[in-house]
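Undergrad: Let me begin by handing over the structure; questions about it come next.
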Amino acid sequence: SGVTVCVLTLVSVQPGSVGDTLLLTRLEKGTTPVTIRIPTMPDKAPLRSVLSDFDAIQKEQKEANSCTDKQDWWLRRSELDRRMKSLIETLETQVLGCWRVALIPSGPEPGLAEEAARLHPQLGSCGWRDS
């Protein structure tokens, strides 16, 4: 109990190709799963580019782990941390946008339904449509 699982899935219309549509699925015990289709906007930060940067950071991290010189290791580590921070900020602001709030675990506050009702009009401005 009290566990929230969020899954980000990259999908494409054509099988075998890298897509630019992101699905965010939120799972919580005792509630219906919620899946949000997050349209990505190529004029901001193409998801492909963000994922490519993430791949490069991971590869360089593996290389840095084999470094034996402490000073060189720390320089590499600091640069990778800076790049990762920038990547996360880009993901939050330019890819997820207002939908990043769906990644935040819900609290035990009883007023959650009221808050959701209050936020409903704002979600509409982000592209939310009731099904």
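Note on naming: chains are A, B, ... as they come in the structure tokens, residues start from 1 per chain, ligands start from 1 in the order shown.
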Applying 10 Å and only C-alpha atoms, which residues near range 94-107 of chain A remain after dropping the ones on its own chain fewer than 3 positions away? List them as a ChimeraX atom specification.
TA: /A:2-8,21-22,24-26,28,34-47,50,88-91,110-112,122-123,125-128
Undergrad: Could those selected residues go to a file with N, CA and C atoms, as a CSV table (one decimal), in the first residue's frame?
TA:
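Output below, filename out-v4.csv:
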chain,number,residue,atom,x,y,z
A,2,GLY,N,0.3,2.3,-0.6
A,2,GLY,CA,1.1,3.5,-0.6
A,2,GLY,C,2.1,3.6,-1.7
A,3,VAL,N,2.1,2.6,-2.6
A,3,VAL,CA,3.1,2.5,-3.7
A,3,VAL,C,2.4,3.0,-5.0
A,4,THR,N,3.1,3.9,-5.7
A,4,THR,CA,2.6,4.3,-7.0
A,4,THR,C,3.7,3.9,-8.0
A,5,VAL,N,3.3,3.3,-9.1
A,5,VAL,CA,4.2,2.9,-10.2
A,5,VAL,C,3.8,3.7,-11.4
A,6,CYS,N,4.8,4.4,-12.0
A,6,CYS,CA,4.6,5.1,-13.3
A,6,CYS,C,5.5,4.5,-14.3
A,7,VAL,N,4.9,4.3,-15.5
A,7,VAL,CA,5.6,3.7,-16.6
A,7,VAL,C,5.5,4.6,-17.8
A,8,LEU,N,6.7,5.0,-18.3
A,8,LEU,CA,6.7,5.8,-19.5
A,8,LEU,C,7.1,4.9,-20.7
A,21,THR,N,5.6,9.4,-29.7
A,21,THR,CA,4.4,9.5,-28.8
A,21,THR,C,4.8,8.8,-27.5
A,22,LEU,N,4.5,9.5,-26.4
A,22,LEU,CA,4.8,9.0,-25.1
A,22,LEU,C,3.5,8.6,-24.4
A,24,LEU,N,2.1,7.6,-20.6
A,24,LEU,CA,2.4,7.6,-19.2
A,24,LEU,C,1.3,6.8,-18.5
A,25,THR,N,1.7,5.7,-17.9
A,25,THR,CA,0.7,4.9,-17.2
A,25,THR,C,1.0,5.0,-15.8
A,26,ARG,N,-0.1,5.3,-15.0
A,26,ARG,CA,0.1,5.4,-13.5
A,26,ARG,C,-0.8,4.3,-12.9
A,28,GLU,N,-1.9,2.6,-9.1
A,28,GLU,CA,-1.9,2.7,-7.7
A,28,GLU,C,-2.9,1.7,-7.2
A,34,VAL,N,-4.4,4.6,-15.0
A,34,VAL,CA,-4.6,5.8,-15.8
A,34,VAL,C,-3.5,5.8,-16.9
A,35,THR,N,-3.9,5.9,-18.1
A,35,THR,CA,-2.9,6.1,-19.2
A,35,THR,C,-3.1,7.4,-19.9
A,36,ILE,N,-2.1,8.2,-20.0
A,36,ILE,CA,-2.1,9.5,-20.6
A,36,ILE,C,-1.3,9.5,-21.9
A,37,ARG,N,-1.8,9.9,-23.0
A,37,ARG,CA,-1.0,10.0,-24.2
A,37,ARG,C,-0.5,11.4,-24.2
A,38,ILE,N,0.8,11.5,-24.2
A,38,ILE,CA,1.5,12.8,-24.2
A,38,ILE,C,2.0,13.1,-25.6
A,39,PRO,N,1.4,14.0,-26.3
A,39,PRO,CA,1.9,14.4,-27.6
A,39,PRO,C,3.2,15.1,-27.5
A,40,THR,N,4.2,14.7,-28.2
A,40,THR,CA,5.5,15.4,-28.2
A,40,THR,C,5.5,16.4,-29.3
A,41,MET,N,6.2,17.5,-29.1
A,41,MET,CA,6.3,18.5,-30.1
A,41,MET,C,7.7,18.6,-30.6
A,42,PRO,N,7.9,18.2,-31.9
A,42,PRO,CA,9.3,18.3,-32.5
A,42,PRO,C,9.9,19.6,-32.4
A,43,ASP,N,9.1,20.7,-32.4
A,43,ASP,CA,9.7,22.1,-32.4
A,43,ASP,C,10.3,22.4,-31.0
A,44,LYS,N,10.0,21.6,-30.0
A,44,LYS,CA,10.6,21.8,-28.7
A,44,LYS,C,11.8,20.9,-28.5
A,45,ALA,N,11.6,19.7,-27.9
A,45,ALA,CA,12.7,18.7,-27.8
A,45,ALA,C,12.2,17.4,-28.3
A,46,PRO,N,12.6,17.0,-29.5
A,46,PRO,CA,12.1,15.7,-30.0
A,46,PRO,C,12.5,14.6,-29.0
A,47,LEU,N,11.6,13.7,-28.7
A,47,LEU,CA,11.8,12.7,-27.8
A,47,LEU,C,13.0,11.8,-28.3
A,50,VAL,N,16.1,13.4,-27.0
A,50,VAL,CA,16.3,13.2,-25.5
A,50,VAL,C,16.8,11.8,-25.2
A,88,ILE,N,17.1,15.8,-17.6
A,88,ILE,CA,15.9,15.6,-16.8
A,88,ILE,C,15.0,16.9,-16.9
A,89,GLU,N,15.7,18.0,-16.8
A,89,GLU,CA,15.0,19.3,-16.9
A,89,GLU,C,14.3,19.4,-18.3
A,90,THR,N,15.0,19.0,-19.3
A,90,THR,CA,14.4,19.1,-20.7
A,90,THR,C,13.2,18.1,-20.8
A,91,LEU,N,13.3,16.9,-20.2
A,91,LEU,CA,12.3,16.0,-20.2
A,91,LEU,C,11.1,16.5,-19.5
A,110,PRO,N,-7.8,13.9,2.2
A,110,PRO,CA,-9.1,13.5,1.8
A,110,PRO,C,-9.7,14.4,0.7
A,111,GLY,N,-9.1,15.6,0.5
A,111,GLY,CA,-9.6,16.6,-0.5
A,111,GLY,C,-9.1,16.3,-1.9
A,112,LEU,N,-8.5,15.1,-2.2
A,112,LEU,CA,-8.0,14.9,-3.5
A,112,LEU,C,-9.0,15.0,-4.6
A,122,GLN,N,-7.9,23.2,-16.0
A,122,GLN,CA,-6.5,23.4,-16.4
A,122,GLN,C,-5.9,22.2,-17.3
A,123,LEU,N,-6.4,21.0,-16.9
A,123,LEU,CA,-5.9,19.8,-17.7
A,123,LEU,C,-6.4,19.9,-19.1
A,125,SER,N,-6.6,22.5,-20.9
A,125,SER,CA,-5.7,23.4,-21.7
A,125,SER,C,-4.4,22.7,-22.0
A,126,CYS,N,-4.2,21.5,-21.4
A,126,CYS,CA,-3.0,20.7,-21.7
A,126,CYS,C,-3.3,19.6,-22.7
A,127,GLY,N,-4.6,19.5,-23.1
A,127,GLY,CA,-5.0,18.5,-24.1
A,127,GLY,C,-5.8,17.4,-23.6
A,128,TRP,N,-6.1,17.4,-22.3
A,128,TRP,CA,-6.9,16.3,-21.7
A,128,TRP,C,-8.3,16.3,-22.2
Undergrad: What lies within 12 Å of Gln61 in chain A using only C-alpha atoms, ignoring chain neighbours under 2 positions off, as number ranges by chain?
TA: A: 54-59, 63-67, 73-81, 83-84
Undergrad: Could you tell me how far CA of Val11 in chain A lies from CA of Lys62 in chain A, in Å and to one decimal?
TA: 27.3 Å
Undergrad: Taking into account only C-alpha atoms, which residue in the set A:Leu23, A:Thr68, A:Lys85, A:Gly30 is nearest to Asp53 in chain A?
TA: A:Lys85
Undergrad: What does the structure give for the distance between CA of Thr93 in chain A and CA of Leu10 in chain A, in Å to one decimal?
TA: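 Computing the Euclidean distance for CA of Thr93 in chain A and CA of Leu10 in chain A yields 17.4 Å.
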Undergrad: Record the distance separating CA of Arg48 in chain A and CA of Arg82 in chain A, expressed in Å with one decimal.
TA: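 Atom-to-atom, CA of Arg48 in chain A and CA of Arg82 in chain A are spaced 20.0 Å apart.
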